[in-house]
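Just below is one structure, and these are the notes that go with it.
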Amino acid sequence: MRGDVTDSRIFVIVDDIKGHIHIHSKASNKQGKSHTPPTAMTTQSWTRNAYTRANTLLNTIRPRKMIWICQQCRHQSTDTVAQPASTTVSGEELSRSRRYCMDMLRKYDTPSSLLLPYIPSHARDAYIALRAFNIEVARTADTTSTPTIGAMRLQFQRDAITKSLAGSPPKQPIAILLAKAAEDIERKTDGRGKWSKSWFMRIIDTREKYLSNPPYPGVASLESYAENTYSTLLYLTLQALPMSSLTADHVASHIGKATGIAAVLRGLPLLAFPGPPNTHSNQGQFSGDVGATRQGAVMLPLDVMAESGVREEDVLRNGAEAQGLRDAVFVVATRANDHLITARQMLSQVRAGKDADHEYEHGNEEEHVYLPSKGRKAETQAQEVERAFGAFMPAVATQMWLGRLERADFDVFGAKLRVTDWRLPFSAFWAWQRRRI
């Protein structure tokens, strides 16, 4: 719909379809020549006055979205654009969002759903939202037909995170629950604590980097991937408790690396033999990328494959029978297990009043620099890890899976390795009672 409003100096065109409003200078005389500002008035002040008078007229039409002032065929954008008001979420919407996220966990991340009871009740919405967010970004390559479409999907996730942390989430279940959890954190800490947006972006950026399944040059790059995804997810979980502890972050870093490495091993058969492409009829213009995420790939570090004599084409042809594959899986699984052992040793040392026997390699990063808390008694390291123990529970599920892999003689293609161990609830309860991971 287009509407015209005129006065002696300005001509306003409202375009509801495009959401823009154009203000043109127009003479009131019959010749239709452009109005020339009086000599006593500068062009800039005349334009400003025209803008002010236009706003007065526009208020009678509808709220403005974008203003463009045309003067002698030159468009100038205004400095101020009206921002949308904060989205109000009803209790019903919040309940639906919570159920949606829990359903995602039960379907795609059963261990996380089983470990929910060990998270403090006030932080469970944050835990559920974080895990659902992780599933959503991790499945981007599986739910899109090309890396290009996947990158677009991840950009939507970036925008959704930005809006959610600002308190104006889009009408999307995960974003709604994330916004609610972020509000809970600020309220519980009286505004002193909040989620680190950079950690969310780190997870998304890392997932985008590996959309087309590029190889890991070495074990160090695999550990970096795990640190930037699963360890970072644990950092965000700790912030939701809320917890600001370098010691807890250090333990979480090792657990996250072990979990991330195990996840790569668990997904190896699915990437080596992917299912049919997820083709959409409206993506023909991106046909040059089709297949980039659907061709088989062996996501083991190249240096380990070289040392074990593994050839990618051999794995893609023979699967579990490929020469040297089990040896390579053993080396990578051992590295994951080493991180779990290190995390256990750290917990024992902290509880004994000792410092960790190695430096935290990420301790100097900005997000891990914590100022002393004001208004509350400082906790000892032992008290910190005790309060954070629920966030460390994924180590139990990871250790159980690595144990099953060992009993399968490191045959990562074994069908039993792709189902959740029925003993996990009992093992998790036993680990919680004994405070051992």
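If you're wondering about the labels, chains in the structure tokens are A, B, ... by order shown, residues count from 1 in each chain, ligands from 1 in order shown.
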
Exercise for the section: Once DSSP has gone over the backbone, tell me which residues of segment 251-422 of chain A are in alpha helix (DSSP H), as a PyMOL selection string. Expected result: chain A and resi 251-272+302-308+312-318+325-351+381-387+394-407

Per residue of segment 345-403 of chain A within 12 Å of segment 124-135 of chain A, note the shortest atom pair and the distance in Å to one decimal, counting only C-alpha atoms, and order the rows by chain and increasing residue number, as a tab-separated table.
residue	atom	partner	partner_atom	distance
A:Gly390	CA	A:Tyr127	CA	10.6
A:Ala391	CA	A:Tyr127	CA	9.0
A:Pro394	CA	A:Arg131	CA	11.7

Practice task
Report the distance between atom CA of Leu233 of chain A and atom CA of Ala408 of chain A in Å, rounded to one decimal place.
Solution key: 29.1 Å

Considering only C-alpha atoms, tabulate each residue of segment 297-329 of chain A that lies at most 8 Å from segment 411-431 of chain A along with its nearest interatomic pair and the corresponding distance in Å to one decimal; arrange the rows by chain and ascending residue number and present them as CSV.
residue,atom,partner,partner_atom,distance
A:Gly319,CA,A:Phe413,CA,7.5
A:Ala320,CA,A:Phe413,CA,5.9
A:Arg326,CA,A:Asp411,CA,6.0
A:Val329,CA,A:Val412,CA,7.4

Mind dumping a table of every segment 346-393 of chain A residue within 10 Å of segment 254-268 of chain A, with the nearest atom pair and its distance in Å to one decimal, using only C-alpha atoms, sorted by chain and rising number, as a tab-separated table?
residue	atom	partner	partner_atom	distance
A:Met346	CA	A:His254	CA	9.9
A:Tyr360	CA	A:His254	CA	9.8
A:Ala391	CA	A:Ile255	CA	9.8
A:Phe392	CA	A:Ile255	CA	7.1
A:Met393	CA	A:Ile255	CA	9.0

Mind checking which residues fall within 8 Å of Phe410 of chain A, counting only C-alpha atoms, ignoring those fewer than 3 positions away in the same chain, and posting them as a compact mmCIF listing (two decimals) with N, CA and C atoms, in the first residue's frame?
# COMPACT_ATOMS: atom_id res chain seq x y z
N ARG A 326 41.94 -49.93 13.42
CA ARG A 326 41.76 -50.13 14.86
C ARG A 326 42.95 -49.56 15.64
N ASP A 327 44.14 -49.64 15.05
CA ASP A 327 45.31 -49.05 15.72
C ASP A 327 45.17 -47.53 15.82
N VAL A 329 42.32 -45.82 15.81
CA VAL A 329 41.26 -45.53 16.78
C VAL A 329 41.79 -45.68 18.20
N PHE A 330 42.62 -46.68 18.42
CA PHE A 330 43.21 -46.89 19.75
C PHE A 330 44.03 -45.67 20.19
N LEU A 405 34.18 -49.24 23.84
CA LEU A 405 35.02 -49.27 22.65
C LEU A 405 36.21 -50.20 22.86
N GLU A 406 36.80 -50.15 24.03
CA GLU A 406 37.93 -51.03 24.33
C GLU A 406 37.50 -52.49 24.31
N ARG A 407 36.33 -52.79 24.90
CA ARG A 407 35.85 -54.17 24.91
C ARG A 407 35.50 -54.66 23.51

Practice task
Could you check which of A:Ser145, A:Leu115, A:Phe273, A:Ala138 is closest to Thr206 of chain A, using only C-alpha atoms?
Solution key: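 Distance minimum relative to Thr206 of chain A lands on A:Ala138.
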